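Trainee: What follows is input-v7.txt; its format and atoms are compact mmCIF, C-alpha atoms.
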```txt
# COMPACT_ATOMS: atom_id res chain seq x y z
CA MET A 1 67.95 -89.34 47.28
CA LYS A 2 65.50 -88.61 44.46
CA ILE A 3 63.07 -91.22 43.20
CA ALA A 4 61.24 -90.76 39.88
CA PHE A 5 57.92 -92.44 39.06
CA THR A 6 56.09 -92.57 35.73
CA SER A 7 52.54 -91.66 36.71
CA GLU A 8 49.07 -91.23 35.24
CA GLY A 9 48.32 -88.37 37.69
CA LYS A 10 49.89 -85.86 40.02
CA THR A 11 49.53 -87.39 43.51
CA TRP A 12 50.64 -90.31 45.67
CA GLU A 13 47.27 -91.90 44.90
CA SER A 14 47.80 -91.79 41.11
CA LYS A 15 48.42 -94.99 39.18
CA ILE A 16 51.91 -95.78 37.90
CA ASP A 17 51.92 -95.18 34.12
CA PRO A 18 53.23 -98.39 32.50
CA ARG A 19 54.78 -96.36 29.68
CA PHE A 20 58.08 -94.55 30.04
CA GLY A 21 58.40 -92.24 27.01
CA ARG A 22 54.71 -91.41 26.82
CA ALA A 23 54.01 -91.28 30.55
CA GLU A 24 51.55 -88.48 31.35
CA TYR A 25 53.52 -87.26 34.39
CA ILE A 26 56.83 -87.86 36.08
CA LEU A 27 56.62 -87.56 39.87
CA ILE A 28 59.81 -86.92 41.82
CA TYR A 29 60.01 -87.81 45.49
CA ASN A 30 62.84 -86.12 47.33
CA GLN A 31 63.49 -88.31 50.40
CA GLU A 32 65.60 -85.75 52.31
CA LYS A 33 63.09 -82.93 51.92
CA ASP A 34 60.05 -85.27 51.91
CA THR A 35 58.54 -83.45 48.93
CA LEU A 36 56.72 -84.78 45.89
CA SER A 37 57.11 -82.67 42.74
CA VAL A 38 55.30 -83.05 39.45
CA ILE A 39 56.65 -82.83 35.90
CA ASP A 40 53.96 -82.55 33.22
CA ASN A 41 55.09 -84.71 30.30
CA SER A 42 51.99 -84.17 28.15
CA GLU A 43 53.81 -82.25 25.42
CA VAL A 44 56.10 -85.27 24.87
CA THR A 45 53.14 -87.65 24.69
CA LYS A 46 51.94 -85.70 21.65
CA GLN A 47 55.29 -86.12 19.87
CA ALA A 48 55.08 -88.58 16.96
CA HIS A 49 58.64 -89.87 17.28
CA GLY A 50 61.36 -90.16 19.87
CA ALA A 51 59.22 -89.79 22.99
CA GLY A 52 61.58 -92.09 24.92
CA PRO A 53 64.78 -90.05 24.49
CA SER A 54 62.83 -86.79 25.05
CA THR A 55 61.48 -88.02 28.39
CA ALA A 56 64.95 -89.29 29.30
CA GLN A 57 66.29 -85.81 28.59
CA LYS A 58 63.86 -84.40 31.18
CA LEU A 59 65.18 -86.84 33.76
CA PHE A 60 68.70 -85.60 33.03
CA GLU A 61 67.72 -82.18 34.30
CA ILE A 62 66.56 -83.75 37.60
CA LYS A 63 69.13 -86.51 37.95
CA PRO A 64 67.08 -88.98 40.03
CA ASP A 65 68.88 -91.91 41.66
CA VAL A 66 66.01 -94.30 41.07
CA LEU A 67 63.35 -94.67 38.37
CA ILE A 68 60.20 -96.69 39.03
CA THR A 69 58.05 -97.48 35.99
CA GLY A 70 55.99 -100.22 34.32
CA ASN A 71 56.88 -101.85 31.03
CA GLY A 72 60.36 -100.40 31.07
CA PRO A 73 61.94 -98.01 28.57
CA GLY A 74 62.47 -99.03 24.93
CA ASN A 75 65.92 -99.41 23.42
CA ASN A 76 66.28 -95.79 22.33
CA ALA A 77 65.33 -94.39 25.74
CA ALA A 78 67.47 -96.98 27.52
CA MET A 79 70.52 -95.87 25.53
CA VAL A 80 70.08 -92.36 26.93
CA LEU A 81 69.07 -93.42 30.47
CA LYS A 82 72.15 -95.59 30.74
CA LYS A 83 74.27 -92.44 30.89
CA LEU A 84 72.33 -91.28 33.93
CA ASN A 85 73.56 -94.13 36.16
CA LEU A 86 70.24 -94.62 37.87
CA LYS A 87 68.65 -97.75 39.25
CA LEU A 88 65.70 -98.86 37.15
CA PHE A 89 62.74 -100.76 38.61
CA VAL A 90 60.00 -102.11 36.32
CA ASN A 91 56.60 -103.84 36.47
CA ALA A 92 55.32 -101.41 39.10
CA HIS A 93 52.10 -100.69 37.16
CA ASN A 94 48.77 -101.76 38.62
CA SER A 95 49.95 -99.93 41.77
CA THR A 96 49.55 -96.38 42.95
CA VAL A 97 52.69 -94.28 43.30
CA LYS A 98 52.42 -94.70 47.08
CA GLU A 99 52.12 -98.49 46.83
CA ALA A 100 55.03 -98.65 44.39
CA TYR A 101 57.18 -96.63 46.80
CA GLU A 102 56.30 -99.02 49.66
CA LYS A 103 57.20 -101.99 47.47
CA TYR A 104 60.47 -100.32 46.56
CA LYS A 105 61.34 -99.76 50.25
CA ASN A 106 60.60 -103.42 50.98
CA ASN A 107 62.71 -104.63 48.02
CA LEU A 108 59.65 -106.04 46.27
CA LEU A 109 60.26 -104.37 42.89
CA GLU A 110 62.05 -105.95 39.98
CA GLU A 111 65.32 -104.21 39.10
CA MET A 112 66.17 -104.09 35.41
CA PRO A 113 69.84 -103.93 34.47
CA PHE A 114 70.94 -101.73 31.56
CA MET B 115 51.78 -97.60 -26.19
CA ASN B 116 52.37 -94.05 -25.12
CA SER B 117 55.54 -93.00 -26.92
CA SER B 118 56.49 -90.39 -24.30
CA LYS B 119 57.43 -93.16 -21.84
CA SER B 120 60.36 -95.47 -22.41
CA CYS B 121 59.26 -97.79 -19.62
CA ILE B 122 56.13 -98.81 -17.75
CA LYS B 123 56.48 -98.76 -13.99
CA LEU B 124 53.87 -100.91 -12.28
CA ALA B 125 53.60 -100.87 -8.50
CA ILE B 126 52.07 -103.90 -6.80
CA ALA B 127 50.62 -102.68 -3.49
CA SER B 128 47.83 -103.74 -1.18
CA GLY B 129 46.86 -101.89 1.94
CA LYS B 130 46.45 -105.10 3.92
CA GLY B 131 49.53 -107.30 4.28
CA GLY B 132 49.57 -110.91 3.16
CA THR B 133 47.12 -110.50 0.29
CA GLY B 134 49.49 -111.71 -2.45
CA LYS B 135 51.71 -108.85 -3.61
CA THR B 136 54.76 -111.05 -3.85
CA LEU B 137 52.78 -113.92 -5.41
CA LEU B 138 51.61 -111.60 -8.18
CA SER B 139 54.88 -109.67 -8.59
CA THR B 140 57.08 -112.75 -8.98
CA ASN B 141 54.72 -114.64 -11.28
CA LEU B 142 53.93 -111.63 -13.43
CA ALA B 143 57.62 -110.83 -13.81
CA ALA B 144 58.46 -114.46 -14.65
CA LEU B 145 55.67 -114.58 -17.23
CA ILE B 146 56.87 -111.39 -18.94
CA ALA B 147 60.44 -112.74 -18.89
CA GLU B 148 59.35 -115.63 -21.11
CA SER B 149 59.13 -113.20 -24.02
CA GLN B 150 61.04 -110.02 -23.13
CA ASN B 151 63.32 -108.31 -20.62
CA VAL B 152 61.69 -107.37 -17.34
CA LEU B 153 62.82 -105.65 -14.17
CA LEU B 154 61.46 -106.84 -10.82
CA VAL B 155 62.18 -104.48 -7.92
CA ASP B 156 61.59 -105.63 -4.34
CA LEU B 157 60.74 -102.48 -2.39
CA ASP B 158 59.41 -104.33 0.65
CA VAL B 159 62.81 -103.53 2.10
CA GLU B 160 62.00 -104.56 5.67
CA GLU B 161 61.29 -108.11 4.56
CA PRO B 162 62.21 -108.61 0.91
CA ASN B 163 61.43 -112.12 -0.33
CA ASP B 164 61.10 -111.99 -4.11
CA SER B 165 64.59 -113.46 -4.41
CA ILE B 166 63.38 -116.73 -2.83
CA PHE B 167 61.42 -117.49 -6.00
CA PHE B 168 64.36 -117.21 -8.39
CA GLN B 169 67.54 -119.22 -8.64
CA GLY B 170 69.41 -116.32 -10.22
CA LYS B 171 72.96 -115.34 -9.50
CA LEU B 172 73.71 -112.52 -7.06
CA LYS B 173 75.71 -110.23 -9.33
CA ALA B 174 76.31 -107.23 -7.10
CA VAL B 175 75.73 -105.87 -3.62
CA LEU B 176 75.49 -102.08 -3.57
CA PRO B 177 75.86 -100.72 -0.01
CA GLN B 178 73.47 -97.84 0.73
CA HIS B 179 74.10 -95.07 3.23
CA LYS B 180 72.12 -92.36 4.93
CA MET B 181 73.57 -89.28 6.58
CA ILE B 182 73.38 -88.88 10.34
CA PRO B 183 74.94 -86.28 12.68
CA GLU B 184 78.01 -87.14 14.72
CA TRP B 185 78.76 -85.19 17.87
CA ASP B 186 82.13 -83.45 18.08
CA SER B 187 82.66 -82.92 21.83
CA GLU B 188 85.73 -80.71 21.26
CA LYS B 189 83.86 -78.11 19.22
CA CYS B 190 80.52 -78.26 21.06
CA THR B 191 79.61 -75.40 23.39
CA LEU B 192 76.53 -77.27 24.76
CA CYS B 193 74.17 -74.49 23.68
CA GLY B 194 71.41 -77.08 23.22
CA LEU B 195 70.04 -75.67 19.94
CA CYS B 196 70.43 -79.03 18.16
CA ALA B 197 68.17 -80.79 20.66
CA LYS B 198 65.60 -78.00 20.42
CA VAL B 199 65.31 -78.22 16.63
CA CYS B 200 65.12 -82.02 16.47
CA ASN B 201 61.48 -83.03 15.98
CA PHE B 202 62.21 -86.71 16.43
CA GLY B 203 64.01 -86.97 19.78
CA ALA B 204 67.08 -88.19 17.90
CA VAL B 205 69.30 -85.47 19.40
CA VAL B 206 68.96 -84.84 23.12
CA ASP B 207 70.84 -82.46 25.37
CA LEU B 208 72.07 -84.14 28.52
CA GLY B 209 73.61 -81.01 30.03
CA THR B 210 77.20 -82.12 29.79
CA SER B 211 76.91 -84.07 26.56
CA ILE B 212 74.77 -84.41 23.43
CA SER B 213 73.25 -87.84 22.83
CA ILE B 214 72.34 -89.01 19.32
CA THR B 215 70.01 -91.95 18.67
CA PRO B 216 70.71 -92.81 15.00
CA PRO B 217 67.63 -95.02 14.38
CA LEU B 218 65.36 -92.05 15.19
CA CYS B 219 67.15 -89.62 12.86
CA HIS B 220 65.18 -88.53 9.76
CA ASN B 221 68.31 -87.12 8.08
CA CYS B 222 66.85 -83.61 7.91
CA TYR B 223 70.21 -81.91 8.63
CA ALA B 224 68.56 -79.27 10.88
CA CYS B 225 70.83 -79.90 13.89
CA SER B 226 73.92 -80.03 11.72
CA GLU B 227 73.14 -76.94 9.63
CA LEU B 228 71.99 -74.80 12.56
CA CYS B 229 74.86 -75.67 14.92
CA PRO B 230 76.74 -72.37 15.37
CA VAL B 231 80.11 -74.10 15.81
CA ASP B 232 79.79 -77.00 13.32
CA ALA B 233 79.93 -79.57 16.09
CA LEU B 234 77.48 -81.94 14.37
CA PRO B 235 78.94 -82.89 11.00
CA MET B 236 76.83 -85.33 8.97
CA VAL B 237 78.51 -88.68 8.40
CA GLU B 238 77.56 -91.74 6.37
CA SER B 239 75.76 -94.56 8.12
CA HIS B 240 75.14 -97.91 6.40
CA MET B 241 71.37 -98.52 6.32
CA GLY B 242 71.11 -101.46 3.95
CA ASP B 243 71.96 -102.78 0.50
CA ILE B 244 70.63 -103.06 -3.01
CA ASN B 245 71.18 -106.63 -4.19
CA LEU B 246 71.25 -107.28 -7.91
CA PHE B 247 70.28 -110.75 -9.18
CA ASP B 248 70.63 -111.87 -12.76
CA ASN B 249 68.00 -114.34 -14.01
CA GLY B 250 68.47 -114.09 -17.77
CA LYS B 251 65.70 -111.88 -19.11
CA LEU B 252 64.55 -111.13 -15.55
CA THR B 253 66.65 -108.68 -13.56
CA LEU B 254 65.83 -108.54 -9.86
CA LEU B 255 66.81 -105.56 -7.73
CA GLU B 256 66.22 -106.10 -4.04
CA GLY B 257 66.32 -103.40 -1.38
CA ARG B 258 67.25 -104.88 1.99
CA LEU B 259 67.17 -102.68 5.09
CA ASN B 260 69.45 -103.45 8.03
CA THR B 261 67.84 -104.83 11.17
CA ASN B 262 67.24 -102.03 13.70
CA GLU B 263 66.78 -99.32 11.06
CA GLU B 264 63.45 -97.60 11.70
CA HIS B 265 62.99 -95.81 8.38
CA SER B 266 62.57 -97.60 5.10
CA VAL B 267 61.79 -94.54 2.98
CA PRO B 268 65.42 -93.42 2.44
CA LEU B 269 66.34 -96.87 1.12
CA ILE B 270 63.21 -97.11 -1.08
CA GLU B 271 64.15 -93.76 -2.62
CA LYS B 272 67.71 -94.99 -3.26
CA VAL B 273 66.38 -98.07 -5.06
CA HIS B 274 64.16 -95.87 -7.27
CA LYS B 275 67.22 -93.73 -8.10
CA GLU B 276 69.23 -96.81 -9.01
CA VAL B 277 66.42 -97.96 -11.36
CA GLU B 278 66.22 -94.53 -13.01
CA LYS B 279 69.97 -94.40 -13.44
CA ASN B 280 70.65 -97.84 -14.87
CA TYR B 281 67.46 -99.61 -15.96
CA SER B 282 65.24 -97.17 -17.85
CA HIS B 283 65.80 -99.22 -21.03
CA ILE B 284 63.72 -102.11 -19.65
CA LYS B 285 60.09 -101.66 -20.72
CA TYR B 286 58.23 -103.53 -17.99
CA GLN B 287 59.26 -102.68 -14.44
CA ILE B 288 57.40 -104.25 -11.53
CA PHE B 289 57.78 -102.73 -8.07
CA ASP B 290 56.74 -105.09 -5.27
CA SER B 291 55.74 -102.54 -2.63
CA PRO B 292 55.44 -102.69 1.17
CA PRO B 293 51.97 -103.12 2.71
CA GLY B 294 50.03 -100.38 4.48
CA THR B 295 49.08 -96.83 3.55
CA SER B 296 51.88 -94.81 5.13
CA CYS B 297 55.13 -93.17 3.98
CA PRO B 298 56.90 -96.35 2.70
CA VAL B 299 53.99 -97.13 0.35
CA VAL B 300 53.85 -93.55 -0.88
CA ALA B 301 57.63 -93.65 -1.50
CA ALA B 302 57.30 -96.94 -3.37
CA THR B 303 54.25 -96.12 -5.51
CA SER B 304 54.56 -92.39 -6.24
CA LYS B 305 57.23 -92.92 -8.94
CA CYS B 306 55.14 -95.55 -10.72
CA HIS B 307 52.76 -95.00 -13.64
CA TYR B 308 50.11 -97.39 -12.38
CA VAL B 309 49.33 -99.17 -9.12
CA ILE B 310 47.86 -102.66 -8.91
CA LEU B 311 46.22 -103.25 -5.54
CA VAL B 312 46.03 -106.89 -4.52
CA THR B 313 43.21 -107.58 -2.10
CA GLU B 314 41.25 -110.46 -0.66
CA PRO B 315 37.47 -110.84 -0.35
CA THR B 316 37.29 -110.46 3.43
CA PRO B 317 36.15 -107.59 5.66
CA PHE B 318 39.82 -106.86 6.51
CA GLY B 319 40.76 -106.90 2.84
CA LEU B 320 37.99 -104.47 1.95
CA ASN B 321 38.69 -102.17 4.90
CA ASP B 322 42.35 -101.78 3.94
CA LEU B 323 41.57 -101.58 0.22
CA VAL B 324 39.29 -98.61 0.89
CA MET B 325 42.18 -96.86 2.67
CA ALA B 326 44.65 -97.70 -0.12
CA VAL B 327 42.29 -96.36 -2.82
CA GLU B 328 41.74 -93.20 -0.78
CA MET B 329 45.52 -92.75 -0.44
CA LEU B 330 46.18 -93.18 -4.18
CA LYS B 331 43.39 -90.76 -5.06
CA VAL B 332 45.18 -88.07 -3.04
CA TYR B 333 47.96 -88.06 -5.62
CA ASP B 334 45.85 -88.98 -8.63
CA LYS B 335 47.50 -92.30 -9.27
CA PRO B 336 45.72 -94.55 -11.77
CA MET B 337 45.00 -97.92 -10.23
CA GLY B 338 43.41 -101.32 -10.66
CA VAL B 339 42.50 -104.18 -8.37
CA ILE B 340 43.23 -107.90 -8.34
CA ILE B 341 41.26 -110.15 -6.02
CA ASN B 342 43.34 -112.95 -4.58
CA ARG B 343 41.76 -115.95 -2.78
CA ASP B 344 38.69 -115.32 -4.89
CA GLY B 345 35.80 -117.43 -3.65
CA ALA B 346 36.87 -117.24 -0.01
CA GLY B 347 34.48 -114.45 0.90
CA ASN B 348 31.89 -112.01 -0.29
CA GLU B 349 31.28 -109.79 -3.32
CA LYS B 350 31.72 -106.46 -1.60
CA ILE B 351 35.14 -105.78 -3.14
CA GLU B 352 33.69 -105.77 -6.66
CA GLU B 353 30.81 -103.53 -5.60
CA PHE B 354 33.31 -101.11 -4.10
CA CYS B 355 35.56 -101.05 -7.19
CA GLU B 356 32.59 -100.47 -9.48
CA LYS B 357 31.35 -97.62 -7.32
CA GLU B 358 34.82 -96.01 -7.18
CA GLY B 359 35.54 -96.54 -10.88
CA VAL B 360 38.64 -98.64 -10.16
CA ASP B 361 39.70 -101.12 -12.91
CA MET B 362 39.14 -104.79 -12.07
CA LEU B 363 42.15 -106.54 -13.58
CA GLY B 364 41.58 -110.14 -12.57
CA LYS B 365 41.16 -112.76 -9.92
CA ILE B 366 43.33 -115.48 -8.45
CA PRO B 367 41.25 -118.35 -7.02
CA TYR B 368 41.24 -119.51 -3.41
CA ASP B 369 43.20 -122.68 -4.00
CA MET B 370 45.24 -124.81 -1.59
CA GLU B 371 47.69 -125.79 -4.36
CA ILE B 372 48.62 -122.14 -4.95
CA ALA B 373 49.32 -121.73 -1.23
CA ARG B 374 51.40 -124.92 -1.21
CA ALA B 375 53.50 -123.85 -4.19
CA TYR B 376 54.05 -120.40 -2.69
CA SER B 377 55.09 -121.82 0.67
CA ARG B 378 57.68 -123.97 -1.11
CA GLY B 379 59.07 -120.89 -2.88
CA GLU B 380 57.79 -122.04 -6.28
CA LEU B 381 56.25 -120.05 -9.11
CA LEU B 382 52.85 -121.00 -10.55
CA LEU B 383 53.77 -120.95 -14.23
CA GLY B 384 54.53 -124.70 -14.45
CA ASN B 385 50.82 -125.38 -14.15
CA GLY B 386 48.86 -124.51 -17.31
CA SER B 387 45.69 -123.30 -15.63
CA TYR B 388 47.55 -121.10 -13.16
CA LYS B 389 49.72 -119.73 -15.94
CA ALA B 390 46.53 -118.80 -17.82
CA ILE B 391 45.40 -116.77 -14.80
CA ILE B 392 48.64 -114.77 -14.76
CA SER B 393 48.52 -114.38 -18.58
CA ASN B 394 45.00 -113.00 -18.35
CA ILE B 395 46.16 -110.47 -15.78
CA PHE B 396 49.06 -109.43 -18.03
CA ASN B 397 46.67 -109.07 -20.97
CA ALA B 398 44.42 -106.86 -18.85
CA ILE B 399 47.44 -104.68 -17.99
CA GLU B 400 48.46 -104.41 -21.66
CA LYS B 401 44.91 -103.35 -22.55
CA LEU B 402 45.32 -100.34 -20.24
CA HIS B 403 47.71 -98.84 -22.84
CA LEU B 404 49.91 -97.27 -20.20
```
Go through the file and emit its structure as structure tokens.

Mentor:
Amino acid sequence: MKIAFTSEGKTWESKIDPRFGRAEYILIYNQEKDTLSVIDNSEVTKQAHGAGPSTAQKLFEIKPDVLITGNGPGNNAAMVLKKLNLKLFVNAHNSTVKEAYEKYKNNLLEEMPF
Amino acid sequence: MNSSKSCIKLAIASGKGGTGKTLLSTNLAALIAESQNVLLVDLDVEEPNDSIFFQGKLKAVLPQHKMIPEWDSEKCTLCGLCAKVCNFGAVVDLGTSISITPPLCHNCYACSELCPVDALPMVESHMGDINLFDNGKLTLLEGRLNTNEEHSVPLIEKVHKEVEKNYSHIKYQIFDSPPGTSCPVVAATSKCHYVILVTEPTPFGLNDLVMAVEMLKVYDKPMGVIINRDGAGNEKIEEFCEKEGVDMLGKIPYDMEIARAYSRGELLLGNGSYKAIISNIFNAIEKLHL
């Protein structure tokens, strides 16, 4: 299973980025392989419009099963993410990626329905 | 009167919101309508409210459309070019399908024109309406954007086209513009001959007035200023206008009764002293010889 995090940095110790579309990085944890990979989203953060759908498009290439973020995607991004059939967990900001993953494992994160 | 122009298009704009654009637009239009035909155009299409002040009859609703791409899954080869050329994230390539987010589309046609297999034809999408109200000598055209539409500029441009097509015979045309200093204001004011900036004597009012004046100078638009809520603050607005060489066209006092009347959806012309204020402003505009 692949878990995506919106993140302000590139490591387990980085803070969860509360923003979806304009998140600095997307971190992908592959549970089977136990690897953490980094997607640099900085070019999208410079985009004036449509950052949400553009970031969602990146997730389509990876097809994660779970997305853990902060404020939650806006309407436009949600419309695209819906087609990905992933589970969305929000309000994970103010945690590091590691802490958010622990919370997720212990069912302490808030799931947001599409 | 300059004989080369058949009409005088006056934009009422502000920079800062809530300074009194609608107060001035509605009262000025009503005052002019006492003696001649006048056209009032509500270009604050995200929240038009000029119509609240008139009991006129809604004569027509003209539906307005913009063009957006529609994905044809049969024709599409999923080459992904459309998503690459979209600068606005409105077209995204999901690998096995193309996703279009209509509110983000700027109607630039790039995806549609560049698609090698014509799989993104442009289709009409209803974005709002132009409502036409008849109030005797005062004709009110109101642009009203649908909820959830992100771009007001296409509708503002449609309203201007409608005015050019059917109303150029009316001499005085007042365009109640949206606030701010971005694209909607440029779209609203750029077709006008003169811009009246309504401001208030507060630090916020001055800050946003400075930006509005700067914006209008970029495209050499002649402009004047009206101070609303005069007496509520300091003199810095007048200093600024003098320094910049911007016409000072008048002042509306800081007066609880004006606020009360406005909040009830009433015009000010029933009260002689308020009517005199609006008349003085109109006289100042006439003296500009536009």

Trainee: Mind running chain A against chain B at 7 Å and telling me each contacting residue's nearest atom pair with the distance in Å (one decimal), counting all atoms listed in the file, chain and number ascending, as a Markdown table?

Mentor:
```
| residue | atom | partner | partner_atom | distance |
| --- | --- | --- | --- | --- |
| A:His49 | CA | B:Phe202 | CA | 4.8 |
| A:Gly50 | CA | B:Gly203 | CA | 4.1 |
| A:Ala51 | CA | B:Gly203 | CA | 6.4 |
| A:Pro53 | CA | B:Gly203 | CA | 5.7 |
| A:Ser54 | CA | B:Gly203 | CA | 5.4 |
| A:Gln57 | CA | B:Leu208 | CA | 6.0 |
| A:Phe60 | CA | B:Leu208 | CA | 5.8 |
| A:Asn76 | CA | B:Thr215 | CA | 6.5 |
| A:Val80 | CA | B:Ser213 | CA | 6.9 |
```

Trainee: Given the point (54.8, -82.5, 33.4) in the file's coordinates, find the residues that have an atom at most 9 Å from it, counting only C-alpha atoms, and give them as a ChimeraX atom specification.

Mentor: /A:10,24-27,38-43

Trainee: Quote the spacing between atom CA of Asn262 of chain B and atom CA of Ile182 of chain B in Å to one decimal place.

Mentor: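 Here the two named atoms are 14.9 Å from each other.
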
Trainee: Give me, as a Markdown table, the closest atom pair and its distance (Å, one decimal) for every residue of segment 310-331 of chain B within a cut-off of 9 Å of segment 289-302 of chain B, counting all atoms listed in the file, rows sorted by chain and rising number.

Mentor:
```
| residue | atom | partner | partner_atom | distance |
| --- | --- | --- | --- | --- |
| B:Asp322 | CA | B:Gly294 | CA | 7.8 |
| B:Met325 | CA | B:Thr295 | CA | 7.0 |
| B:Ala326 | CA | B:Thr295 | CA | 5.8 |
| B:Met329 | CA | B:Thr295 | CA | 6.7 |
| B:Leu330 | CA | B:Val300 | CA | 8.4 |
```

Trainee: Write out as number ranges by chain each polymer residue whose atoms come within 10 Å of segment 354-357 of chain B, counting all atoms listed in the file; drop sequence neighbours fewer than 3 positions from it.

Mentor: B: 320, 323-324, 327, 338-339, 349-351, 360-362

Trainee: Between atom CA of His307 of chain B and atom CA of Leu124 of chain B, measure the distance and give it in Å to one decimal.

Mentor: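 Separation of atom CA of His307 of chain B and atom CA of Leu124 of chain B: 6.2 Å.
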
Trainee: Just checking: using all atoms listed in the file, which residue out of B:Leu381, B:Ala224, B:Ala125, B:Met236 ends up closest to Ile166 of chain B?

Mentor: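 Among the listed residues, the smallest separation from Ile166 of chain B belongs to B:Leu381.
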
Trainee: Please provide the set of residues having any atom within 10 Å of Gly364 of chain B, restricted to all atoms listed in the file, with same-chain residues fewer than 3 positions apart removed, written as a PDB file with C-alpha atoms, keeping the file's coordinate frame.

Mentor:
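This went into around-v5.pdb:
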```pdb
ATOM      1  CA  VAL B 312      46.030-106.890  -4.520  1.00  0.00           C
ATOM      2  CA  GLY B 338      43.410-101.320 -10.660  1.00  0.00           C
ATOM      3  CA  VAL B 339      42.500-104.180  -8.370  1.00  0.00           C
ATOM      4  CA  ILE B 340      43.230-107.900  -8.340  1.00  0.00           C
ATOM      5  CA  ILE B 341      41.260-110.150  -6.020  1.00  0.00           C
ATOM      6  CA  ASN B 342      43.340-112.950  -4.580  1.00  0.00           C
ATOM      7  CA  ASP B 344      38.690-115.320  -4.890  1.00  0.00           C
ATOM      8  CA  ASP B 361      39.700-101.120 -12.910  1.00  0.00           C
ATOM      9  CA  PRO B 367      41.250-118.350  -7.020  1.00  0.00           C
ATOM     10  CA  ILE B 391      45.400-116.770 -14.800  1.00  0.00           C
ATOM     11  CA  ILE B 392      48.640-114.770 -14.760  1.00  0.00           C
ATOM     12  CA  ASN B 394      45.000-113.000 -18.350  1.00  0.00           C
ATOM     13  CA  ILE B 395      46.160-110.470 -15.780  1.00  0.00           C
ATOM     14  CA  PHE B 396      49.060-109.430 -18.030  1.00  0.00           C
ATOM     15  CA  ASN B 397      46.670-109.070 -20.970  1.00  0.00           C
ATOM     16  CA  ALA B 398      44.420-106.860 -18.850  1.00  0.00           C
ATOM     17  CA  ILE B 399      47.440-104.680 -17.990  1.00  0.00           C
TER      18      ILE B 399
END
```

Trainee: Have a look at A:Gly74, A:Arg22, A:Ile68, A:Met79 and name the one nearest to Lys105 of chain A; count all atoms listed in the file.

Mentor: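 Looking only at the distances to Lys105 of chain A, the closest residue turns out to be A:Ile68.
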
Trainee: Quote the spacing between atom CA of Glu111 of chain A and atom CA of Leu36 of chain A in Å to one decimal place.

Mentor: 22.3 Å

Trainee: Find the residue from A:Pro18, A:Tyr104, A:Leu84, A:Met1 that sits nearest to Lys58 of chain A; use only C-alpha atoms when measuring.

Mentor: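 Among the listed residues, the smallest separation from Lys58 of chain A belongs to A:Leu84.
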
Trainee: Would you kindly return, as number ranges by chain, each protein, DNA or RNA residue with an atom no farther than 7 Å from any atom of segment 279-288 of chain B, considering only C-alpha atoms and excluding same-chain residues fewer than 2 positions away?

Mentor: B: 120-125, 139, 143, 151-155, 275-277, 290

Trainee: Please put the answer as JSON: centre and edge lengths, in Å with one decimal, of a box along x, y and z that encloses all listed atoms of segment 34-44 of chain A plus 8 Å on each side.

Mentor:
```
{"center_x": 56.0, "center_y": -83.8, "center_z": 38.4, "size_x": 24.1, "size_y": 19.0, "size_z": 43.0}
```
